Every structure is written in C-alpha cells, then in structure tokens.
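A.B. asks: Structure provided below as structure tokens; questions to follow.
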Amino acid sequence: MRIPFTLKRSAPSSSSSPSNTTSNEYSNEDSNVSPNKKSKAASAAPASSVEPATVAGLTKCHAIELNGQLVVPKGRKSEGIETELGLFTMEEGTPTLLVGTHEIKGKIVKLKKPLLLVRKKKSSDDKPLPVEAEGIITEKYLFNGYPKTIMREKH
Amino acid sequence: MLASNTILKVVPSSQRCGDDNSDPSLFFVEIPSLDFIQEMDQAADLIGKENGSKAALVTSKKSFYMTKVESSNSFIVVNPSSNSSSSSSSSSDENDAGNDNKRRKVCKASICPSFHYELTRKYLDVSELRRILSAGTYEGDAEECPSKSSLRPTKSSLCVLLQTSLTELEKGLSLVEAFEVDGKWTVISEELKNEAFEEILAAASANDMNLSRLEISSILKSVTGDISTEKDVVEHCLRNNSAAVSSDVFSMDVGKIATFKARKILSKRSTPYPVKEFMATWTAEMPHQTTSYVPDISLLKNLCLSEYDGKVSDDVLTYFPSSNLPLDVSSRFKRLFEVRECWNEDDIEPFLKDVVREDESVVQILLKNALLKEKGKWIAKPAS
C-alpha cells in the first residue's frame, strides 16, 4: 500500500496571509518582527498580520514536552471542550509554565534531528488519504523539573 | 520562539480511550537533517506491508524504515499557521498580580501522541528481488503463456513489494541483469543466457569480428540457431557482458568471456579437474581474438572449489557455482557447510556476495550465521 507524503509549504512572507491563518496579534516576542520594529508592531497591533516563521519552507511549530500525562477534567474530553492548559512565560531565557497552582521551570532544547509534524487524513469510507507534514520542530521547551506549588491571589 | 505570556488551550481528543487525550491524526517523524526536506520535495511516499511489518518512507533515491519510539512524556504542539490570538485578558489572568498591563496571547495547541517515528536507512534486498523476478523466468518465446506473465511485476509494484525507491530498484535490476518483457520484469533462464552468449561468440569468431568493437546490428544478423529469433535476449546478453562504446557498439568483457568458458568446461565434468589440465583446456577454448589473454584462476572463486589431491599431486577443481546456492541466507550457509566443514574467510566470501546487503559486510553476515574457529576460519553454528 502506497500513501503519498506531502509537505505543506508556508505562503511567502511578503504576500497576504494564507487562507488558514487568521491575523495574529503579537504584543511582544515575535520571531518575524525585528527588535527595532517591536513598538511599531505593538501600536499597530489590531491591524497587523505577521507570517509565522518557517524553516526550509515549512511552518516552524513550537513543541512543549512535559513529564507524565495530561489528564483532562472529567466530562471535558467526551464533549471535545477547549480547555485551558496554562500560562507560558519566558523570563531571561528560561521558559516557565503555570498549570493551575503549579509552576514548572523548563529549558529550551535544540533537537539533534528535526521533527516533522505530520497529519494523516482519512476519508469517510476509511480509505487513507495522503499524509501531510504541516510543520517542523527544531527545538522544544522541555519542562522536566519538579513542579512548585505557588499561591495565587484570589480577587 | 513562543511568545511570552501565552495562554495555551487544548482540545482533548474524544476518539482516544482512557487517559490518552492525543489527537489521533497527528504524529511526529524524525528526519536526518533539514536537507532531507529537499529530497522529500521531489517525491516521498509511505509504503506499508499487509503483514504488519515496518512501514517505509521512500523518496526518489532512498528508503527508510519507520521505527516507533515511545516516550512516557506528553507533547503539546503549537502550530502558528493555524492559530488565532486574543489580546484581551481572560478571567484567569487576573490572578497574576503585576501582570495586568501585559497583553496575553491565546494559542490553541494540539496534544500529540507520546511517540515519534525514527528513520533508519533501508537497503534493497537484492536476493529478495531475484526471488521475485525468478517466479516468471523467461525461457524463450515458445514457452511464454499468460500465467507466466501474471507472475512478472512492474517497476511500480516492485517498489511497493520491496519498499524501495525507484533509483535503488533500477540499480538492483541492473545488478541482477533483469529483463523487461511487455513492461514487466523478470530474469532470463540460465540455459537461454548461455545459448545466447555461445552464439554471440560463435558469430563474432566466424565473422572475425573485433571483440572490442562489436556492433549490435552485425551480431543480430550473424547469430544462427533457435536463438536467432530471440533478438531481445541476444541484445540483453551482449549489453550485460560488455562495456558500451556507443549506443550500438560494445566492447566485450574478456573476463566475462573467460568465466563463461570456464563454467561450460567445469559443468561438463563430473569428476574433479586437475588445475594444470583445466588451465590448458580453458586457454584453448578462449576465442581466437583473445590469443594474448591468459585466463586467471581468480575468476573461478565463486564457480568451483579447489583442494589439493595427493593422487594427482595437484590442486583439483570441483564445479560449485554460487548461482546454484539457495538465495535464503541460512539455507545457503547450511549448504556451504555440508560441502566443507571448515572454510577460510577468503574462500567463502565469493559465495556470500550474492546475499550480502549494501548496509552489511561479509564478516557481519558470517558472525550471524557461522562460528569463528580460529583466525580466518569459520565453521557451522551448532544446531539450536
């Protein structure tokens, strides 16, 4: 059985945003915006449209690796409800993830070999359609530290 | 870089069981380098097998096994090209004192399976290719029938059967001297090949042709006998035993002529052949156009066994062609050790070259299938 493996190329950065990209408003770090232009981008935020970074023509995706399993609150999984995982922040080059009342510090790890993020598509009659590489991952945010319980102020 | 102050949201998959919330349509593939993407751009396919063995990722030039590597960690991926953002703070942000002025971005993330596929280089199994092609061996036009034709694969089906790239397949087809019949591939029977080769040499000799500059058209006109109706076979034989000087002129390989003659002499003899006697016969059998050429006994390494016979005070040769040995590696070793209990590495190597894959050496195959008795000497592994 032979299944085509295609690559989903990002649109050129000078053209209008691709049809599947809604406008992104980046208030701070944005790989496509140079430091000098940050303030301009912030003030023009509602109207600006920034193309995601690409590597070898593929969209550069962000990967987060966590120890253990992600357990979803009961009921949300079966209903397919969008669930907030947590808040990601970067301070002085150290990524931090705040999940509920747990704070986990991590690090940026450059991958020895790139990973392709591949999506397989299936038709209604279960016949396999081409698989497509949607993006590429060259580094990951690894959160393998012991989570710290923090107190969060109630309002 | 993922922006700081990003709220990550996930949609757990309802299609998975238990605590697995990952999106079943997503997976990771680890590629050797960024340059590999260019290779995939030209052509890339996933080829699976019905028997459930490893799938392969095949480009136009190379093929790779896909090996699943599990992890106990969770993976979340943010794909910037399929995300929207919100600059307004959600109610949960209000818990962060001092961060009220920072604008938060909301990103949708996907929960990916906790495994990835690793690519390991896969090489064409030439002996398996030979086995597949032998199923519909070409024995002459008179022996052709629809059932034989149905056993012959096309290049495309061979790529799927062998999970290999087109470039590797074409190299393999050339190595096994594959023969094309109506767009499908097979091998020519030994008998027919020998007949064709004999007639080419006879025609060249009868017409005093220069073996270094043989024209296909002249040979095709000059061959006689039943083989004269098998023009494709004659041309195929000429091409496989010569170097091309131009598109229709060939220089015959004298070493291959010598090997052919040796095989013919040895196969007719049922008793061991004293070397001196054989060399005299062999030299006499060579075409008159090669009078200055003295055949070298090293050409017979995979054709016969050589042993010293005290009765004739000379080494004697026994016909034992590697082409008659099983294609299956373990069966081949069994046959080799039936003939001889202990082999020198130099002597056994020519009989293993047909079954050694591109990614392994003769020593590796010996280590898997035989025991090292002492340096350079191998014996059979005891039966388990």
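Going by the structure tokens order, chains are called A, B, ..., each with residues numbered from 1, while ligands are numbered from 1 in the order shown.
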For segment 134-137 of chain A, find every residue with an atom within 8 Å (counting only C-alpha atoms), except residues of its own chain fewer than 5 positions away, and show them as a PyMOL selection string.
C.D. replies: (chain A and resi 7-9+55+58-63+114-119) or (chain B and resi 79)
A.B. asks: Identify, on the basis of only C-alpha atoms, every residue whose closest approach to Met90 of chain A does not exceed 12 Å; exclude the query and any residue fewer than 5 positions from it along the same chain; express the result as a ChimeraX atom specification.
C.D. replies: /A:28-29,95-98,104-108,141 /B:1-6
A.B. asks: Output the selection as a CSV table (one decimal), in the first residue's frame - N, CA, C and O atoms for each residue.
C.D. replies:
```csv
chain,number,residue,atom,x,y,z
A,28,ASN,N,4.5,41.1,22.1
A,28,ASN,CA,5.9,41.1,22.5
A,28,ASN,C,6.7,40.2,21.5
A,28,ASN,O,6.8,40.5,20.4
A,29,GLU,N,7.3,39.1,22.0
A,29,GLU,CA,8.2,38.3,21.2
A,29,GLU,C,7.5,37.7,20.0
A,29,GLU,O,6.4,37.2,20.0
A,95,PRO,N,12.0,29.3,30.1
A,95,PRO,CA,10.6,29.2,29.9
A,95,PRO,C,9.9,28.7,31.2
A,95,PRO,O,10.5,27.9,32.0
A,96,THR,N,8.7,29.2,31.5
A,96,THR,CA,8.0,28.8,32.7
A,96,THR,C,6.6,28.5,32.3
A,96,THR,O,6.0,29.2,31.5
A,97,LEU,N,6.0,27.4,32.9
A,97,LEU,CA,4.7,27.0,32.6
A,97,LEU,C,3.9,27.0,33.9
A,97,LEU,O,4.3,26.4,34.9
A,98,LEU,N,2.8,27.7,33.9
A,98,LEU,CA,1.9,27.8,35.1
A,98,LEU,C,0.7,27.0,34.8
A,98,LEU,O,-0.2,27.4,34.0
A,104,ILE,N,6.1,25.3,36.7
A,104,ILE,CA,7.2,24.4,36.3
A,104,ILE,C,8.2,25.2,35.4
A,104,ILE,O,7.8,25.9,34.5
A,105,LYS,N,9.5,25.1,35.8
A,105,LYS,CA,10.5,25.8,35.0
A,105,LYS,C,11.1,24.8,34.0
A,105,LYS,O,11.2,23.6,34.3
A,106,GLY,N,11.4,25.3,32.9
A,106,GLY,CA,12.0,24.4,31.9
A,106,GLY,C,13.2,25.0,31.2
A,106,GLY,O,13.8,25.9,31.7
A,107,LYS,N,13.5,24.4,30.1
A,107,LYS,CA,14.7,24.9,29.3
A,107,LYS,C,14.4,24.7,27.8
A,107,LYS,O,13.5,23.8,27.4
A,108,ILE,N,15.1,25.4,27.0
A,108,ILE,CA,15.0,25.3,25.6
A,108,ILE,C,16.0,24.2,25.1
A,108,ILE,O,17.2,24.4,25.4
A,141,TYR,N,10.5,23.1,24.2
A,141,TYR,CA,10.5,23.6,25.5
A,141,TYR,C,10.3,22.4,26.4
A,141,TYR,O,9.3,21.8,26.4
B,1,MET,N,10.3,31.5,18.3
B,1,MET,CA,10.0,31.4,19.8
B,1,MET,C,8.6,31.6,20.1
B,1,MET,O,7.9,32.4,19.5
B,2,LEU,N,8.1,30.8,21.0
B,2,LEU,CA,6.8,31.0,21.5
B,2,LEU,C,6.7,32.3,22.4
B,2,LEU,O,7.6,32.5,23.2
B,3,ALA,N,5.7,33.1,22.1
B,3,ALA,CA,5.7,34.4,22.8
B,3,ALA,C,5.5,34.2,24.3
B,3,ALA,O,4.7,33.3,24.7
B,4,SER,N,6.1,35.1,25.0
B,4,SER,CA,5.9,35.0,26.5
B,4,SER,C,4.5,35.5,26.8
B,4,SER,O,3.8,36.2,26.0
B,5,ASN,N,3.9,35.1,28.0
B,5,ASN,CA,2.6,35.4,28.3
B,5,ASN,C,1.5,34.9,27.3
B,5,ASN,O,0.6,35.6,26.9
B,6,THR,N,1.8,33.6,27.0
B,6,THR,CA,0.8,33.0,26.1
B,6,THR,C,0.0,32.0,26.9
B,6,THR,O,0.5,31.1,27.6
```
A.B. asks: Could you tell me which of B:Leu8, B:Leu371, B:Ile265, B:Ile219 comes closest to Arg104 of chain B if we count only C-alpha atoms?
C.D. replies: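 Ranked by minimum distance to Arg104 of chain B, first place goes to B:Leu8.
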A.B. asks: Leaving out Lys110 of chain A and any residue of its chain fewer than 4 positions from it, which residues lie within 8 Å of it when counting only C-alpha atoms, given as a ChimeraX atom specification?
C.D. replies: /A:138-140
A.B. asks: Compile the contact shell of segment 311-322 of chain B as a ChimeraX atom specification: residues with an atom at most 12 Å away, counting only C-alpha atoms, same-chain residues fewer than 2 positions apart removed.
C.D. replies: /B:259-260,262-279,297,299-309,324-327,332-333,335-336,339-340,347-355
A.B. asks: Those same residues, written as a PDB file, in the first residue's frame with C-alpha atoms?
C.D. replies:
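So the final result, stored in result30.pdb, reads:
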```pdb
ATOM      1  CA  THR B 259      34.247 -17.080 -16.826  1.00  0.00           C
ATOM      2  CA  PHE B 260      31.611 -18.275 -19.282  1.00  0.00           C
ATOM      3  CA  ALA B 262      35.243 -21.971 -17.541  1.00  0.00           C
ATOM      4  CA  ARG B 263      31.668 -22.619 -16.392  1.00  0.00           C
ATOM      5  CA  LYS B 264      30.995 -24.560 -19.594  1.00  0.00           C
ATOM      6  CA  ILE B 265      34.124 -26.720 -19.186  1.00  0.00           C
ATOM      7  CA  LEU B 266      33.629 -27.411 -15.474  1.00  0.00           C
ATOM      8  CA  SER B 267      29.896 -28.162 -15.698  1.00  0.00           C
ATOM      9  CA  LYS B 268      30.514 -30.936 -18.220  1.00  0.00           C
ATOM     10  CA  ARG B 269      32.904 -32.780 -15.918  1.00  0.00           C
ATOM     11  CA  SER B 270      31.562 -34.919 -13.109  1.00  0.00           C
ATOM     12  CA  THR B 271      34.938 -35.663 -11.520  1.00  0.00           C
ATOM     13  CA  PRO B 272      37.406 -33.190 -10.009  1.00  0.00           C
ATOM     14  CA  TYR B 273      39.536 -31.434 -12.620  1.00  0.00           C
ATOM     15  CA  PRO B 274      43.302 -31.161 -12.070  1.00  0.00           C
ATOM     16  CA  VAL B 275      44.240 -27.498 -12.362  1.00  0.00           C
ATOM     17  CA  LYS B 276      47.052 -27.866 -14.892  1.00  0.00           C
ATOM     18  CA  GLU B 277      44.842 -29.874 -17.222  1.00  0.00           C
ATOM     19  CA  PHE B 278      41.974 -27.439 -16.777  1.00  0.00           C
ATOM     20  CA  MET B 279      44.116 -24.367 -17.483  1.00  0.00           C
ATOM     21  CA  ILE B 297      42.185 -18.711 -11.942  1.00  0.00           C
ATOM     22  CA  LEU B 299      37.946 -15.628 -11.882  1.00  0.00           C
ATOM     23  CA  LEU B 300      36.724 -19.014 -10.649  1.00  0.00           C
ATOM     24  CA  LYS B 301      36.370 -18.037  -6.982  1.00  0.00           C
ATOM     25  CA  ASN B 302      32.550 -18.349  -6.957  1.00  0.00           C
ATOM     26  CA  LEU B 303      32.428 -21.136  -9.551  1.00  0.00           C
ATOM     27  CA  CYS B 304      34.318 -24.029  -8.040  1.00  0.00           C
ATOM     28  CA  LEU B 305      36.059 -25.442  -5.001  1.00  0.00           C
ATOM     29  CA  SER B 306      39.803 -26.009  -5.049  1.00  0.00           C
ATOM     30  CA  GLU B 307      41.503 -28.702  -2.981  1.00  0.00           C
ATOM     31  CA  TYR B 308      44.839 -30.454  -3.094  1.00  0.00           C
ATOM     32  CA  ASP B 309      44.668 -34.052  -4.311  1.00  0.00           C
ATOM     33  CA  ASN B 324      23.093 -22.711  -7.720  1.00  0.00           C
ATOM     34  CA  LEU B 325      23.091 -21.954  -3.995  1.00  0.00           C
ATOM     35  CA  PRO B 326      19.880 -21.015  -2.149  1.00  0.00           C
ATOM     36  CA  LEU B 327      19.046 -17.291  -2.024  1.00  0.00           C
ATOM     37  CA  ARG B 332      22.997 -21.026   1.853  1.00  0.00           C
ATOM     38  CA  PHE B 333      25.189 -21.387   4.913  1.00  0.00           C
ATOM     39  CA  ARG B 335      24.667 -25.931   2.050  1.00  0.00           C
ATOM     40  CA  LEU B 336      28.155 -24.447   2.264  1.00  0.00           C
ATOM     41  CA  VAL B 339      30.194 -29.302   1.334  1.00  0.00           C
ATOM     42  CA  ARG B 340      33.036 -28.238   3.603  1.00  0.00           C
ATOM     43  CA  ASP B 347      37.289 -18.914   0.140  1.00  0.00           C
ATOM     44  CA  ILE B 348      33.768 -18.463   1.500  1.00  0.00           C
ATOM     45  CA  GLU B 349      33.450 -14.727   0.724  1.00  0.00           C
ATOM     46  CA  PRO B 350      32.773 -15.129  -3.059  1.00  0.00           C
ATOM     47  CA  PHE B 351      29.874 -17.485  -2.245  1.00  0.00           C
ATOM     48  CA  LEU B 352      28.259 -14.912   0.041  1.00  0.00           C
ATOM     49  CA  LYS B 353      28.487 -11.796  -2.120  1.00  0.00           C
ATOM     50  CA  ASP B 354      25.084 -12.504  -3.721  1.00  0.00           C
ATOM     51  CA  VAL B 355      23.314 -12.352  -0.361  1.00  0.00           C
TER      52      VAL B 355
END
```
A.B. asks: Between B:Ile379, B:Val187, B:Val29, B:Leu173, which one has atoms that come closest to Arg152 of chain B, using only C-alpha atoms?
C.D. replies: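 Closest to Arg152 of chain B, using only C-alpha atoms: B:Val187.
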A.B. asks: Could you please write out, as a PyMOL selection string, every residue of segment 88-302 of chain B that DSSP assigns to helix (DSSP H, G or I)?
C.D. replies: chain B and resi 91-95+126-134+141-143+146-150+155-162+166-175+190-206+216-222+226-229+231-240+254-268+275-285+288-290+297-300
A.B. asks: Might you pull out every residue within 12 Å of Ser247 of chain B, with only C-alpha atoms counted and same-chain residues fewer than 3 positions away left off, and present them as number ranges by chain?
C.D. replies: B: 213-217, 235, 239, 243-244, 250-251
A.B. asks: Take the residues from that selection and write them out as a PDB file, in the first residue's frame, keeping N, CA, C and O atoms.
C.D. replies:
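What follows is the written file selection-v4.pdb:
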```
ATOM      1  N   ARG B 213      34.990  -4.008 -30.464  1.00  0.00           N
ATOM      2  CA  ARG B 213      34.076  -3.103 -31.184  1.00  0.00           C
ATOM      3  C   ARG B 213      33.001  -3.933 -31.899  1.00  0.00           C
ATOM      4  O   ARG B 213      32.976  -4.037 -33.121  1.00  0.00           O
ATOM      5  N   LEU B 214      32.121  -4.507 -31.108  1.00  0.00           N
ATOM      6  CA  LEU B 214      31.052  -5.315 -31.694  1.00  0.00           C
ATOM      7  C   LEU B 214      29.824  -4.460 -31.926  1.00  0.00           C
ATOM      8  O   LEU B 214      29.333  -3.820 -31.004  1.00  0.00           O
ATOM      9  N   GLU B 215      29.301  -4.507 -33.153  1.00  0.00           N
ATOM     10  CA  GLU B 215      28.077  -3.753 -33.440  1.00  0.00           C
ATOM     11  C   GLU B 215      26.889  -4.675 -33.215  1.00  0.00           C
ATOM     12  O   GLU B 215      26.871  -5.817 -33.683  1.00  0.00           O
ATOM     13  N   ILE B 216      25.884  -4.151 -32.495  1.00  0.00           N
ATOM     14  CA  ILE B 216      24.700  -4.970 -32.200  1.00  0.00           C
ATOM     15  C   ILE B 216      24.068  -5.465 -33.491  1.00  0.00           C
ATOM     16  O   ILE B 216      23.712  -6.642 -33.622  1.00  0.00           O
ATOM     17  N   SER B 217      23.934  -4.583 -34.458  1.00  0.00           N
ATOM     18  CA  SER B 217      23.237  -4.944 -35.706  1.00  0.00           C
ATOM     19  C   SER B 217      23.966  -6.089 -36.401  1.00  0.00           C
ATOM     20  O   SER B 217      23.323  -7.026 -36.907  1.00  0.00           O
ATOM     21  N   GLU B 235      20.552  -9.206 -27.524  1.00  0.00           N
ATOM     22  CA  GLU B 235      20.993  -7.843 -27.231  1.00  0.00           C
ATOM     23  C   GLU B 235      21.216  -7.672 -25.725  1.00  0.00           C
ATOM     24  O   GLU B 235      22.198  -7.079 -25.292  1.00  0.00           O
ATOM     25  N   ARG B 239      24.786  -6.652 -23.947  1.00  0.00           N
ATOM     26  CA  ARG B 239      24.893  -5.476 -23.080  1.00  0.00           C
ATOM     27  C   ARG B 239      25.421  -5.840 -21.698  1.00  0.00           C
ATOM     28  O   ARG B 239      26.209  -5.100 -21.108  1.00  0.00           O
ATOM     29  N   ALA B 243      31.093  -3.496 -22.238  1.00  0.00           N
ATOM     30  CA  ALA B 243      31.028  -2.084 -21.871  1.00  0.00           C
ATOM     31  C   ALA B 243      30.589  -1.344 -23.127  1.00  0.00           C
ATOM     32  O   ALA B 243      31.027  -1.679 -24.232  1.00  0.00           O
ATOM     33  N   ALA B 244      29.699  -0.346 -22.964  1.00  0.00           N
ATOM     34  CA  ALA B 244      29.208   0.386 -24.134  1.00  0.00           C
ATOM     35  C   ALA B 244      30.262   1.359 -24.647  1.00  0.00           C
ATOM     36  O   ALA B 244      30.774   2.178 -23.887  1.00  0.00           O
ATOM     37  N   PHE B 250      29.748  -2.192 -28.781  1.00  0.00           N
ATOM     38  CA  PHE B 250      30.133  -2.676 -27.446  1.00  0.00           C
ATOM     39  C   PHE B 250      31.507  -3.333 -27.462  1.00  0.00           C
ATOM     40  O   PHE B 250      31.912  -3.927 -28.451  1.00  0.00           O
ATOM     41  N   SER B 251      32.170  -3.213 -26.297  1.00  0.00           N
ATOM     42  CA  SER B 251      33.464  -3.866 -26.116  1.00  0.00           C
ATOM     43  C   SER B 251      33.248  -5.009 -25.136  1.00  0.00           C
ATOM     44  O   SER B 251      32.920  -4.787 -23.968  1.00  0.00           O
TER      45      SER B 251
END
```
A.B. asks: Expressed in Å to a single decimal, how great is the separation between atom CA of Ser127 of chain B and atom CA of Leu201 of chain B?
C.D. replies: 29.5 Å
A.B. asks: Would you list the contacts of Ile76 of chain B as a PyMOL selection string, taking every protein, DNA or RNA residue within 10 Å and counting only C-alpha atoms, but skipping same-chain residues closer than 5 positions in sequence?
C.D. replies: (chain A and resi 62-66+70+140-141) or (chain B and resi 8+10+22+108-114)
A.B. asks: Kindly determine which residues of chain B lie within 6 Å of chain A, considering only C-alpha atoms, and give the answer as a ChimeraX atom specification.
C.D. replies: /B:3-12,14,25-33,44-48,73-82,84-85,95
A.B. asks: Using only C-alpha atoms for the distances, tell me which of B:Gly140, B:Glu118, B:Met286, B:Pro146 is nearest to Lys231 of chain B.
C.D. replies: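 That would be B:Gly140, the residue with the smallest distance to Lys231 of chain B.
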A.B. asks: At what distance in Å, to one decimal, does atom CA of Thr137 of chain B lie from atom CA of Ile188 of chain B?
C.D. replies: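 Computing it gives 5.7 Å between the two atoms.
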A.B. asks: Which residue is closest to Asp328 of chain B? Choose from B:Leu34, B:Val126, B:Ala56, B:Ala383 and count only C-alpha atoms.
C.D. replies: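 The shortest atom-to-atom distance to Asp328 of chain B comes from B:Val126.
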A.B. asks: Taking only segment 62-120 of chain A into account, list the residues labelled strand (DSSP E or B) by DSSP (computed from the backbone), as an NGL selection string.
C.D. replies: :A and (62-66 or 83-91 or 94-99 or 102-105 or 107-120)
A.B. asks: Take the residues from that selection and put them in a file with N, CA, C and O atoms, as a short mmCIF file (atom, residue, chain, number, x, y, z; two decimals), in the first residue's frame.
C.D. replies:
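Okay, this is what ended up in result13.cif:
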```cif
data_model
loop_
_atom_site.label_atom_id
_atom_site.label_comp_id
_atom_site.auth_asym_id
_atom_site.auth_seq_id
_atom_site.Cartn_x
_atom_site.Cartn_y
_atom_site.Cartn_z
N HIS A 62 5.97 25.10 17.61
CA HIS A 62 6.55 25.12 18.95
C HIS A 62 6.12 23.86 19.69
O HIS A 62 4.93 23.55 19.73
N ALA A 63 7.08 23.16 20.23
CA ALA A 63 6.76 21.90 20.93
C ALA A 63 7.08 22.05 22.41
O ALA A 63 8.10 22.63 22.79
N ILE A 64 6.17 21.56 23.21
CA ILE A 64 6.34 21.58 24.67
C ILE A 64 6.30 20.13 25.15
O ILE A 64 5.37 19.39 24.83
N GLU A 65 7.30 19.77 25.91
CA GLU A 65 7.36 18.41 26.44
C GLU A 65 7.25 18.46 27.94
O GLU A 65 7.96 19.20 28.61
N LEU A 66 6.33 17.66 28.46
CA LEU A 66 6.07 17.64 29.90
C LEU A 66 6.22 16.22 30.42
O LEU A 66 5.88 15.26 29.73
N THR A 83 -9.95 23.43 26.52
CA THR A 83 -9.58 23.52 27.94
C THR A 83 -8.27 24.30 28.07
O THR A 83 -7.32 24.06 27.30
N GLU A 84 -8.25 25.21 29.03
CA GLU A 84 -7.02 25.98 29.24
C GLU A 84 -5.99 25.09 29.91
O GLU A 84 -6.26 24.48 30.96
N LEU A 85 -4.82 25.01 29.32
CA LEU A 85 -3.73 24.21 29.89
C LEU A 85 -2.98 25.02 30.92
O LEU A 85 -2.76 24.59 32.05
N GLY A 86 -2.58 26.23 30.54
CA GLY A 86 -1.81 27.03 31.46
C GLY A 86 -1.22 28.23 30.76
O GLY A 86 -1.50 28.51 29.60
N LEU A 87 -0.37 28.94 31.51
CA LEU A 87 0.25 30.17 31.00
C LEU A 87 1.74 29.92 30.76
O LEU A 87 2.45 29.46 31.66
N PHE A 88 2.16 30.24 29.57
CA PHE A 88 3.57 30.09 29.22
C PHE A 88 4.24 31.47 29.28
O PHE A 88 3.72 32.43 28.70
N THR A 89 5.36 31.52 29.98
CA THR A 89 6.11 32.80 30.02
C THR A 89 7.59 32.51 29.81
O THR A 89 8.06 31.39 30.01
N MET A 90 8.27 33.56 29.38
CA MET A 90 9.72 33.47 29.19
C MET A 90 10.37 34.60 29.98
O MET A 90 10.03 35.76 29.77
N GLU A 91 11.26 34.26 30.87
CA GLU A 91 11.97 35.29 31.63
C GLU A 91 13.44 35.00 31.60
O GLU A 91 13.88 33.96 32.07
N THR A 94 14.51 31.69 30.29
CA THR A 94 14.01 30.47 30.93
C THR A 94 12.50 30.39 30.75
O THR A 94 11.76 31.27 31.20
N PRO A 95 12.03 29.32 30.09
CA PRO A 95 10.57 29.19 29.94
C PRO A 95 9.94 28.69 31.23
O PRO A 95 10.54 27.89 31.97
N THR A 96 8.74 29.18 31.52
CA THR A 96 8.01 28.76 32.72
C THR A 96 6.58 28.45 32.31
O THR A 96 5.99 29.16 31.49
N LEU A 97 6.05 27.40 32.88
CA LEU A 97 4.66 27.02 32.60
C LEU A 97 3.89 27.02 33.91
O LEU A 97 4.32 26.41 34.90
N LEU A 98 2.78 27.74 33.90
CA LEU A 98 1.94 27.81 35.10
C LEU A 98 0.67 27.01 34.81
O LEU A 98 -0.16 27.42 33.99
N VAL A 99 0.55 25.87 35.45
CA VAL A 99 -0.60 25.00 35.24
C VAL A 99 -1.37 24.92 36.55
O VAL A 99 -0.90 24.32 37.51
N HIS A 102 0.48 25.12 39.92
CA HIS A 102 1.83 24.58 39.81
C HIS A 102 2.64 25.37 38.80
O HIS A 102 2.17 25.68 37.70
N GLU A 103 3.86 25.68 39.21
CA GLU A 103 4.78 26.38 38.31
C GLU A 103 5.92 25.43 37.97
O GLU A 103 6.54 24.85 38.87
N ILE A 104 6.15 25.28 36.68
CA ILE A 104 7.23 24.38 36.27
C ILE A 104 8.22 25.20 35.44
O ILE A 104 7.81 25.87 34.47
N LYS A 105 9.47 25.12 35.80
CA LYS A 105 10.51 25.80 35.02
C LYS A 105 11.08 24.80 34.02
O LYS A 105 11.20 23.61 34.31
N LYS A 107 13.52 24.39 30.07
CA LYS A 107 14.66 24.88 29.29
C LYS A 107 14.37 24.66 27.81
O LYS A 107 13.52 23.84 27.44
N ILE A 108 15.11 25.42 27.01
CA ILE A 108 14.96 25.25 25.57
C ILE A 108 16.01 24.24 25.12
O ILE A 108 17.20 24.40 25.42
N VAL A 109 15.56 23.20 24.46
CA VAL A 109 16.47 22.15 24.00
C VAL A 109 16.45 22.13 22.47
O VAL A 109 15.39 21.98 21.87
N LYS A 110 17.62 22.28 21.89
CA LYS A 110 17.70 22.21 20.43
C LYS A 110 17.72 20.72 20.04
O LYS A 110 18.49 19.94 20.60
N LEU A 111 16.88 20.36 19.12
CA LEU A 111 16.80 18.95 18.74
C LEU A 111 17.99 18.57 17.86
O LEU A 111 18.38 19.33 16.97
N LYS A 112 18.53 17.38 18.09
CA LYS A 112 19.65 16.91 17.26
C LYS A 112 19.18 16.68 15.84
O LYS A 112 19.87 16.92 14.86
N LYS A 113 17.95 16.14 15.73
CA LYS A 113 17.37 15.94 14.40
C LYS A 113 15.99 16.59 14.39
O LYS A 113 15.23 16.45 15.35
N PRO A 114 15.64 17.27 13.31
CA PRO A 114 14.33 17.95 13.29
C PRO A 114 13.18 16.94 13.31
O PRO A 114 13.33 15.79 12.88
N LEU A 115 12.04 17.40 13.81
CA LEU A 115 10.83 16.57 13.79
C LEU A 115 9.82 17.19 12.84
O LEU A 115 9.61 18.41 12.87
N LEU A 116 9.21 16.36 12.02
CA LEU A 116 8.12 16.85 11.19
C LEU A 116 6.81 16.58 11.91
O LEU A 116 6.62 15.48 12.45
N LEU A 117 5.93 17.56 11.92
CA LEU A 117 4.60 17.36 12.49
C LEU A 117 3.71 16.93 11.33
O LEU A 117 3.49 17.69 10.39
N VAL A 118 3.24 15.70 11.40
CA VAL A 118 2.53 15.10 10.27
C VAL A 118 1.08 14.85 10.63
O VAL A 118 0.78 14.36 11.72
N ARG A 119 0.20 15.17 9.70
CA ARG A 119 -1.21 14.89 9.92
C ARG A 119 -1.67 13.88 8.88
O ARG A 119 -1.39 14.02 7.69
N LYS A 120 -2.38 12.87 9.35
CA LYS A 120 -2.95 11.90 8.41
C LYS A 120 -4.44 12.22 8.26
O LYS A 120 -5.12 12.53 9.22
#
```
A.B. asks: Provide the atom CA of Asp248 of chain B to atom CA of Asp226 of chain B distance in Å, to one decimal place.
C.D. replies: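 About the pair atom CA of Asp248 of chain B and atom CA of Asp226 of chain B: they are 22.9 Å apart.
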A.B. asks: Using only C-alpha atoms, determine which residues lie at most 12 Å from Lys375 of chain B, disregarding the query and same-chain residues fewer than 6 positions distant; provide the list as a PDB file with N, CA and C atoms, in the first residue's frame.
C.D. replies:
```pdb
ATOM      1  N   CYS B 342      34.991 -26.706   7.315  1.00  0.00           N
ATOM      2  CA  CYS B 342      35.686 -25.501   7.764  1.00  0.00           C
ATOM      3  C   CYS B 342      36.097 -24.682   6.543  1.00  0.00           C
ATOM      4  N   TRP B 343      35.764 -23.407   6.560  1.00  0.00           N
ATOM      5  CA  TRP B 343      36.060 -22.534   5.424  1.00  0.00           C
ATOM      6  C   TRP B 343      37.036 -21.438   5.803  1.00  0.00           C
ATOM      7  N   ASN B 344      37.972 -21.147   4.901  1.00  0.00           N
ATOM      8  CA  ASN B 344      38.773 -19.934   5.052  1.00  0.00           C
ATOM      9  C   ASN B 344      37.893 -18.764   4.658  1.00  0.00           C
ATOM     10  N   GLU B 345      38.100 -17.655   5.315  1.00  0.00           N
ATOM     11  CA  GLU B 345      37.279 -16.466   5.025  1.00  0.00           C
ATOM     12  C   GLU B 345      37.393 -16.064   3.554  1.00  0.00           C
ATOM     13  N   ASP B 346      38.599 -16.119   3.007  1.00  0.00           N
ATOM     14  CA  ASP B 346      38.823 -15.741   1.599  1.00  0.00           C
ATOM     15  C   ASP B 346      38.084 -16.671   0.646  1.00  0.00           C
TER      16      ASP B 346
END
```
